[in-house]
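Student: Supplied structure: start-v4.csv, CSV, C-alpha atoms and all ligand atoms.
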```
chain,number,residue,atom,x,y,z
Z,1,MET,CA,0.5,11.7,13.1
Z,2,ALA,CA,0.3,15.3,11.9
Z,3,ASP,CA,-3.0,16.9,10.9
Z,4,THR,CA,-2.1,17.7,7.3
Z,5,PHE,CA,-1.1,15.2,4.7
Z,6,SER,CA,2.4,15.6,3.3
Z,7,LEU,CA,3.9,13.7,0.5
Z,8,GLN,CA,7.4,14.4,2.0
Z,9,ARG,CA,6.4,12.5,5.1
Z,10,VAL,CA,5.1,9.5,3.1
Z,11,LEU,CA,8.5,9.5,1.3
Z,12,GLU,CA,10.3,9.6,4.6
Z,13,THR,CA,8.4,6.7,6.1
Z,14,PHE,CA,9.0,4.5,3.1
Z,15,ARG,CA,12.6,5.5,3.1
Z,16,SER,CA,12.9,4.5,6.7
Z,17,SER,CA,11.3,1.2,5.9
Z,18,LEU,CA,14.4,0.0,4.1
Z,19,SER,CA,17.2,-1.4,6.1
Z,20,GLU,CA,20.9,-1.3,5.0
Z,21,GLU,CA,20.5,-5.0,4.0
Z,22,LYS,CA,17.4,-4.1,2.0
Z,23,GLU,CA,15.0,-5.7,4.4
Z,24,VAL,CA,11.6,-3.9,4.9
Z,25,TYR,CA,10.7,-2.7,8.4
Z,26,ILE,CA,7.0,-3.5,9.0
Z,27,LYS,CA,6.7,-0.6,11.5
Z,28,TYR,CA,7.6,2.1,8.9
Z,29,TYR,CA,5.8,0.3,6.0
Z,30,ILE,CA,2.5,0.5,7.9
Z,31,ALA,CA,3.3,4.1,9.1
Z,32,GLY,CA,3.4,5.0,5.3
Z,33,TRP,CA,0.0,3.5,4.9
Z,34,GLN,CA,-1.4,5.4,7.9
Z,35,GLU,CA,-0.3,8.6,6.3
Z,36,LEU,CA,-2.1,7.6,3.0
Z,37,VAL,CA,-5.2,6.6,4.9
Z,38,ALA,CA,-5.4,10.0,6.6
Z,39,PHE,CA,-5.3,11.6,3.2
Z,40,MET,CA,-8.0,9.3,1.9
Z,41,ASN,CA,-10.2,10.1,4.9
Z,42,SER,CA,-10.0,13.7,4.0
Z,43,LEU,CA,-11.6,13.0,0.7
Z,44,GLY,CA,-15.0,12.2,2.1
Z,45,SER,CA,-17.2,9.3,3.3
Z,46,VAL,CA,-17.5,7.8,-0.2
Z,47,PHE,CA,-14.0,6.4,0.4
Z,48,SER,CA,-14.7,5.1,3.9
Z,49,PHE,CA,-15.3,1.5,2.8
Z,50,ILE,CA,-11.7,1.5,1.4
Z,51,SER,CA,-10.1,3.2,4.3
Z,52,LYS,CA,-11.9,0.8,6.8
Z,53,ASP,CA,-10.4,-2.1,4.9
Z,54,VAL,CA,-6.8,-0.6,5.0
Z,55,VAL,CA,-7.2,0.3,8.7
Z,56,SER,CA,-8.3,-3.2,9.6
Z,57,LYS,CA,-5.2,-4.6,7.8
Z,58,ILE,CA,-2.9,-2.1,9.5
Z,59,GLN,CA,-4.5,-3.1,12.9
Z,60,ILE,CA,-3.8,-6.9,12.3
Z,61,LEU,CA,-0.1,-6.1,11.5
Z,62,GLU,CA,0.1,-3.7,14.5
Z,63,ASN,CA,-1.2,-6.5,16.8
Z,64,PHE,CA,1.6,-8.7,15.6
Z,65,LEU,CA,4.1,-5.9,16.1
Z,66,SER,CA,3.1,-5.5,19.7
Z,67,GLY,CA,2.3,-9.1,20.5
Z,68,GLU,CA,4.3,-11.8,22.2
Z,69,ASN,CA,6.0,-12.9,19.0
Z,70,ARG,CA,6.9,-9.3,18.1
Z,71,SER,CA,10.6,-10.1,17.7
Z,72,HIS,CA,9.7,-12.1,14.5
Z,73,TYR,CA,7.7,-9.2,13.1
Z,74,VAL,CA,10.4,-6.6,12.7
Z,75,THR,CA,10.9,-7.0,8.9
Z,76,ILE,CA,8.7,-8.5,6.2
Z,77,GLN,CA,11.6,-11.0,5.7
Z,78,SER,CA,11.6,-12.1,9.3
Z,79,MET,CA,7.8,-12.4,9.3
Z,80,VAL,CA,7.7,-14.6,6.2
Z,81,ARG,CA,10.5,-16.8,7.6
Z,82,TYR,CA,8.8,-17.2,11.0
Z,83,GLU,CA,5.2,-17.7,9.8
Z,84,LEU,CA,6.3,-20.3,7.1
Z,85,GLU,CA,8.6,-22.2,9.5
Z,86,ASN,CA,5.8,-22.4,12.0
Z,87,ASP,CA,3.0,-23.3,9.7
Z,88,LEU,CA,1.1,-20.1,10.5
Z,89,VAL,CA,0.0,-19.3,6.9
Z,90,ASP,CA,-3.1,-20.7,5.1
Z,91,LEU,CA,-1.5,-21.4,1.8
Z,92,THR,CA,-4.3,-22.7,-0.4
Z,93,LYS,CA,-7.6,-22.0,1.3
Z,94,ARG,CA,-8.6,-20.0,4.4
Z,95,GLY,CA,-8.4,-22.3,7.5
Z,96,SER,CA,-6.9,-22.0,10.9
Z,97,HIS,CA,-4.8,-18.9,10.0
Z,98,PRO,CA,-7.2,-16.6,8.1
Z,99,GLU,CA,-5.4,-13.4,9.2
Z,100,SER,CA,-1.7,-14.3,8.9
Z,101,GLY,CA,0.8,-11.5,8.6
Z,102,CYS,CA,1.8,-12.8,5.2
Z,103,ARG,CA,-1.7,-12.7,3.7
Z,104,THR,CA,-2.5,-9.4,5.3
Z,105,LEU,CA,0.6,-7.7,4.1
Z,106,LEU,CA,0.1,-9.2,0.6
Z,107,ARG,CA,-3.1,-7.1,0.3
Z,108,LEU,CA,-1.2,-3.9,1.1
Z,109,HIS,CA,1.6,-5.0,-1.2
Z,110,ARG,CA,-0.8,-5.2,-4.1
Z,111,ALA,CA,-2.2,-1.8,-3.2
Z,112,LEU,CA,1.3,-0.4,-3.2
Z,113,ARG,CA,1.6,-1.3,-6.8
Z,114,TRP,CA,-1.6,0.6,-7.5
Z,115,LEU,CA,-0.1,3.6,-5.6
Z,116,GLU,CA,3.1,3.5,-7.7
Z,117,LEU,CA,1.2,3.3,-11.0
Z,118,PHE,CA,-1.2,6.1,-9.9
Z,119,LEU,CA,1.6,8.5,-8.7
Z,120,GLU,CA,3.6,7.8,-11.9
Z,121,ARG,CA,0.5,8.9,-13.9
Z,122,LEU,CA,0.1,11.9,-11.8
Z,123,ARG,CA,3.7,12.9,-12.2
Z,124,THR,CA,3.6,12.7,-16.0
Z,125,SER,CA,0.1,14.1,-16.3
Z,126,SER,CA,-0.9,17.3,-18.1
Z,127,GLU,CA,-3.2,20.0,-16.8
Z,128,ASP,CA,-6.3,18.5,-18.4
Z,129,SER,CA,-5.7,15.0,-17.2
Z,130,LYS,CA,-8.4,13.5,-15.0
Z,131,THR,CA,-7.6,12.0,-11.7
Z,132,SER,CA,-10.5,9.6,-12.0
Z,133,VAL,CA,-9.1,8.2,-15.2
Z,134,MET,CA,-5.5,8.0,-13.8
Z,135,CYS,CA,-6.8,6.3,-10.7
Z,136,SER,CA,-8.9,3.8,-12.5
Z,137,ASP,CA,-6.3,2.9,-15.1
Z,138,ALA,CA,-3.8,2.2,-12.3
Z,139,TYR,CA,-6.5,0.2,-10.5
Z,140,ASN,CA,-7.3,-1.9,-13.6
Z,141,GLU,CA,-3.6,-2.6,-14.1
Z,142,SER,CA,-3.1,-3.8,-10.5
Z,143,LEU,CA,-5.6,-4.4,-7.7
Z,144,ALA,CA,-8.7,-4.9,-9.9
Z,145,GLN,CA,-7.4,-8.4,-10.9
Z,146,HIS,CA,-7.7,-9.4,-7.2
Z,147,HIS,CA,-11.2,-8.0,-6.6
Z,148,PRO,CA,-14.6,-9.4,-7.3
Z,149,TRP,CA,-17.1,-7.6,-9.5
Z,150,LEU,CA,-19.0,-5.9,-6.7
Z,151,ILE,CA,-15.9,-4.3,-5.2
Z,152,ARG,CA,-14.7,-3.2,-8.7
Z,153,LYS,CA,-18.1,-1.5,-9.2
Z,154,ALA,CA,-18.0,0.2,-5.8
Z,155,VAL,CA,-14.5,1.4,-6.4
Z,156,GLY,CA,-15.5,2.7,-9.8
Z,157,VAL,CA,-18.2,4.8,-8.2
Z,158,ALA,CA,-15.7,6.2,-5.6
Z,159,PHE,CA,-13.3,7.2,-8.3
Z,160,CYS,CA,-15.9,9.5,-9.8
Z,161,ALA,CA,-15.9,11.5,-6.5
Z,162,LEU,CA,-12.1,12.2,-6.6
Z,163,PRO,CA,-11.0,15.8,-6.6
Z,164,GLY,CA,-9.3,17.2,-9.6
Z,165,ARG,CA,-5.6,17.2,-10.4
Z,166,ASP,CA,-4.9,20.7,-9.0
Z,167,THR,CA,-6.4,19.7,-5.6
Z,168,PHE,CA,-4.2,16.6,-5.5
Z,169,PHE,CA,-1.1,18.7,-6.1
Z,170,ASP,CA,-2.2,21.1,-3.4
Z,171,VAL,CA,-2.9,18.5,-0.7
Z,172,MET,CA,0.5,17.0,-1.2
Z,173,ASN,CA,1.9,20.1,0.6
Z,174,ALA,CA,5.1,20.0,-1.3
Z,175,GLY,CA,5.2,23.4,-3.0
Z,176,ASP,CA,4.2,24.4,-6.5
Z,177,GLN,CA,3.5,21.9,-9.2
Z,178,THR,CA,7.1,21.7,-10.4
Z,179,GLN,CA,8.2,21.0,-6.9
Z,180,VAL,CA,5.5,18.3,-6.5
Z,181,VAL,CA,6.6,16.7,-9.7
Z,182,ALA,CA,10.2,16.7,-8.5
Z,183,LEU,CA,9.2,15.1,-5.2
Z,184,LEU,CA,7.2,12.5,-7.0
Z,185,GLY,CA,10.2,11.7,-9.1
Z,186,GLU,CA,12.2,11.2,-5.9
Z,187,SER,CA,9.5,9.2,-4.2
Z,188,LEU,CA,8.6,6.8,-6.9
Z,189,PRO,CA,11.9,4.9,-7.2
Z,190,LEU,CA,11.7,4.4,-3.4
Z,191,ILE,CA,8.2,3.1,-3.5
Z,192,ALA,CA,9.1,0.9,-6.5
Z,193,GLU,CA,12.1,-0.5,-4.6
Z,194,VAL,CA,10.1,-1.4,-1.5
Z,195,TYR,CA,7.5,-3.0,-3.8
Z,196,GLN,CA,10.1,-5.0,-5.7
Z,197,ILE,CA,11.9,-6.3,-2.7
Z,198,THR,CA,8.6,-7.5,-1.3
Z,199,GLU,CA,7.5,-8.9,-4.6
Z,200,ASP,CA,10.7,-10.9,-5.0
Z,201,LEU,CA,10.4,-12.3,-1.5
Z,202,TYR,CA,6.8,-13.4,-2.1
Z,203,VAL,CA,7.7,-14.9,-5.5
Z,204,LYS,CA,10.6,-16.8,-3.9
Z,205,ASN,CA,8.3,-18.3,-1.3
Z,206,ASN,CA,5.4,-18.8,-3.6
Z,207,LEU,CA,3.1,-16.5,-1.6
Z,208,LEU,CA,1.6,-14.3,-4.2
Z,209,GLU,CA,-1.8,-16.0,-4.3
Z,210,LEU,CA,-2.5,-16.4,-0.6
Z,211,PRO,CA,-6.3,-16.8,0.0
Z,301,LIG,C1,-1.9,12.8,-3.1
Z,301,LIG,C2,-1.5,11.6,-2.5
Z,301,LIG,C3,-1.4,10.4,-3.3
Z,301,LIG,C4,-2.5,9.5,-3.3
Z,301,LIG,C5,-2.9,9.0,-1.9
Z,301,LIG,C6,-3.7,7.8,-2.1
Z,301,LIG,C7,-4.1,7.3,-0.7
Z,301,LIG,C8,-4.6,6.0,-0.9
Z,301,LIG,C9,-4.8,5.2,0.4
Z,301,LIG,C10,-5.2,4.0,0.4
Z,301,LIG,C11,-5.3,3.3,-0.9
Z,301,LIG,C12,-6.2,2.1,-0.9
Z,301,LIG,C13,-5.6,0.8,-0.5
Z,301,LIG,C14,-6.6,-0.3,-0.8
Z,301,LIG,C15,-6.1,-1.5,-0.1
Z,301,LIG,C16,-7.0,-2.7,-0.6
Z,301,LIG,C17,-6.7,-4.0,0.0
Z,301,LIG,C18,-7.6,-5.0,-0.6
Z,301,LIG,O1,-7.4,-5.4,-1.7
Z,301,LIG,N1,-8.6,-5.5,0.1
Z,301,LIG,C19,-9.6,-6.4,-0.4
Z,301,LIG,C20,-9.2,-7.8,-0.2
Z,301,LIG,O2,-9.0,-8.0,1.2
Z,301,LIG,P1,-9.5,-9.4,1.8
Z,301,LIG,O3,-11.0,-9.4,1.7
Z,301,LIG,O4,-8.9,-10.5,1.1
Z,301,LIG,O5,-9.1,-9.3,3.3
Z,301,LIG,C21,-10.9,-6.0,0.1
Z,301,LIG,O6,-11.9,-6.9,-0.3
Z,301,LIG,C22,-11.2,-4.6,-0.4
Z,301,LIG,C23,-12.1,-3.8,0.1
Z,301,LIG,C24,-12.2,-2.4,-0.3
Z,301,LIG,C25,-11.9,-2.0,-1.7
Z,301,LIG,C26,-10.4,-1.6,-1.9
Z,301,LIG,C27,-10.3,-0.8,-3.2
Z,301,LIG,C28,-9.0,-0.2,-3.4
Z,301,LIG,C29,-9.0,0.9,-4.4
Z,301,LIG,C30,-7.7,1.6,-4.5
Z,301,LIG,C31,-7.8,3.0,-4.9
Z,301,LIG,C32,-8.1,3.9,-3.8
Z,301,LIG,C33,-8.3,5.3,-4.3
Z,301,LIG,C34,-8.0,6.3,-3.3
Z,301,LIG,C35,-8.0,7.7,-3.9
Z,301,LIG,C36,-7.0,8.6,-3.4
```
Any chance you could put this one into structure tokens?

Tutor:
Amino acid sequence: MADTFSLQRVLETFRSSLSEEKEVYIKYYIAGWQELVAFMNSLGSVFSFISKDVVSKIQILENFLSGENRSHYVTIQSMVRYELENDLVDLTKRGSHPESGCRTLLRLHRALRWLELFLERLRTSSEDSKTSVMCSDAYNESLAQHHPWLIRKAVGVAFCALPGRDTFFDVMNAGDQTQVVALLGESLPLIAEVYQITEDLYVKNNLLELP
């Protein structure tokens, strides 16, 4: 991974994650998250409890990708099929498969919705918009529904430490603000498509509430 964050690279990894048949390659999906985590780490230690959680989930998926059953973990679709057909998912309460690929990816999938909502707010924001407000509105509309009170409070504190809008535009390394807005406009439909394909798959298999 390169030293500096680049929104273009995030866009490319999510673009690579979509196959011609509209399946989602896990390898590129987690590569996109790795880029985002690198960005979050650069924001300071107040975010480390969040990045540790994402890194541990990426690690679980990477272990599947390199493990003996790796041929079943090429796409999210093949993973869901394999884990369900072989009873490898705890469906109602955590039991013998507490860290299945399906439940682990579901956590990142919910976070992808947060990212989509946040970036859309950033794209349409004005100069005096606050990143903490955009971030927390996007969070309340998505991930917060799945987090207990304590996590919601800790996340709220972390949001107060976010840099301002101009810094966000700068770190995206995509040129001036007009160019960043254009790139966000290009990235968002792609992120939304990856999100929707995964969402439809999870709905179809009744997997949206995995413990
Ligand atoms: C300029 C570039 C655009 C913005 C780049 C943003 C980079 C963000 C990178 C990562 C986002 C956070 C992803 C969070 C995943 C959370 C997964 C989750 O829900 N985990 C909880 C449930 O897991 P289990 O216990 O069931 O295994 C876990 O309990 C959560 C722990 C930590 C709190 C997670 C809070 C998420 C807040 C999302 C906003 C992040 C703000 C980052 C600011 C840029």

Student: For Ala154 (chain Z), which of Z:Leu115, Z:Phe64, Z:Thr75, Z:Ser136 is the closest residue, counting all atoms listed in the file?

Tutor: Z:Ser136

Student: Would you mind listing the residues within 6 Å of ligand LIG 301 (chain Z), counting all atoms listed in the file, as an MDAnalysis selection string?

Tutor: chainID Z and resid 36:37 39:40 49:50 53:54 107:108 111 151 155 168 172

Student: Can you measure CA of Leu190 (chain Z) to CA of Thr124 (chain Z) for me? One decimal in Å is fine.

Tutor: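 These atoms are spaced 17.1 Å apart.
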
Student: To one decimal place in Å, what is the distance between CA of Thr131 (chain Z) and CA of Ala161 (chain Z)?

Tutor: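 According to the coordinates, CA of Thr131 (chain Z) and CA of Ala161 (chain Z) are separated by 9.8 Å.
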
Student: Find the spatial neighbours of Glu209 (chain Z), counting all atoms listed in the file, within a cut-off of 10 Å - ignore same-chain residues fewer than 4 positions away - and output them as a list of chain:residue names.

Tutor: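 Result of the neighbour search: Z:Leu91, Z:Thr92, Z:Arg103, Z:Leu106, Z:His146, Z:Tyr202, Z:Val203.
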
Student: I need the residue nearest Tyr73 (chain Z) from this list: Z:His109, Z:Lys27, Z:Lys204, Z:Lys57. Use only C-alpha atoms for the distance.

Tutor: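 Among the listed residues, Z:Lys27 lies closest to Tyr73 (chain Z).
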
Student: What gap, in Å, lies between CA of Tyr195 (chain Z) and CA of Phe14 (chain Z)?

Tutor: 10.3 Å

Student: For each of Z:Glu99, Z:Ile191, Z:Cys160, Z:Asp87, take the minimum atom-to-atom distance to Phe118 (chain Z), counting all atoms listed in the file, then give the residue where this is smallest.

Tutor: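 Distance minimum relative to Phe118 (chain Z) lands on Z:Ile191.
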
Student: Which residue is closest to Val80 (chain Z)? Choose from Z:Leu201, Z:Leu43, Z:Ala31, Z:Val133 and count all atoms listed in the file.

Tutor: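 For Val80 (chain Z), the nearest of the given residues is Z:Leu201.
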
Student: Using only C-alpha atoms, which residues sit within 9 Å of Arg15 (chain Z) once same-chain residues fewer than 3 positions away are excluded, as a PDB file with C-alpha atoms, in the coordinates of the input?

Tutor:
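Just written: out35.pdb:
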```
ATOM      1  CA  VAL Z  10       5.100   9.500   3.100  1.00  0.00           C
ATOM      2  CA  LEU Z  11       8.500   9.500   1.300  1.00  0.00           C
ATOM      3  CA  GLU Z  12      10.300   9.600   4.600  1.00  0.00           C
ATOM      4  CA  LEU Z  18      14.400   0.000   4.100  1.00  0.00           C
ATOM      5  CA  SER Z  19      17.200  -1.400   6.100  1.00  0.00           C
ATOM      6  CA  TYR Z  28       7.600   2.100   8.900  1.00  0.00           C
ATOM      7  CA  SER Z 187       9.500   9.200  -4.200  1.00  0.00           C
ATOM      8  CA  LEU Z 190      11.700   4.400  -3.400  1.00  0.00           C
ATOM      9  CA  ILE Z 191       8.200   3.100  -3.500  1.00  0.00           C
ATOM     10  CA  VAL Z 194      10.100  -1.400  -1.500  1.00  0.00           C
TER      11      VAL Z 194
END
```

Student: Taking only C-alpha atoms into account, name the residue in Z:His97, Z:Arg113, Z:Lys52, Z:Arg152 that is nearest to Leu84 (chain Z).

Tutor: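 Counting only C-alpha atoms, the residue closest to Leu84 (chain Z) is Z:His97.
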
Student: Which one of Z:Arg165, Z:His72, Z:Arg121, Z:Arg110 sits closest to Leu184 (chain Z) if you count only C-alpha atoms?

Tutor: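 Ranking Z:Arg165, Z:His72, Z:Arg121, Z:Arg110 by distance to Leu184 (chain Z), first place goes to Z:Arg121.
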
Student: Neighbouring residues of region 177-182 of chain Z were defined as those with any atom within 10 Å, considering all atoms listed in the file; residues of the same chain fewer than 3 positions away were excluded. Please report them as a short mmCIF file (atom, residue, chain, number, x, y, z; two decimals) with C-alpha atoms, in the frame of the given file.

Tutor:
```cif
data_model
loop_
_atom_site.label_atom_id
_atom_site.label_comp_id
_atom_site.auth_asym_id
_atom_site.auth_seq_id
_atom_site.Cartn_x
_atom_site.Cartn_y
_atom_site.Cartn_z
CA LEU Z 7 3.90 13.70 0.50
CA GLN Z 8 7.40 14.40 2.00
CA LEU Z 119 1.60 8.50 -8.70
CA GLU Z 120 3.60 7.80 -11.90
CA LEU Z 122 0.10 11.90 -11.80
CA ARG Z 123 3.70 12.90 -12.20
CA THR Z 124 3.60 12.70 -16.00
CA SER Z 125 0.10 14.10 -16.30
CA ASP Z 166 -4.90 20.70 -9.00
CA PHE Z 168 -4.20 16.60 -5.50
CA PHE Z 169 -1.10 18.70 -6.10
CA ASP Z 170 -2.20 21.10 -3.40
CA MET Z 172 0.50 17.00 -1.20
CA ASN Z 173 1.90 20.10 0.60
CA ALA Z 174 5.10 20.00 -1.30
CA GLY Z 185 10.20 11.70 -9.10
CA GLU Z 186 12.20 11.20 -5.90
CA SER Z 187 9.50 9.20 -4.20
#
```

Student: List as a list in words the residues having at least one atom at most 7 Å from position (2.0, -4.6, 6.4) as given in the file, counting all atoms listed in the file.

Tutor: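 Result, sorted by chain then residue number: Ile26, Tyr29, Ile30, Ile58, Leu61, Thr104, Leu105 and Leu108 of chain Z.
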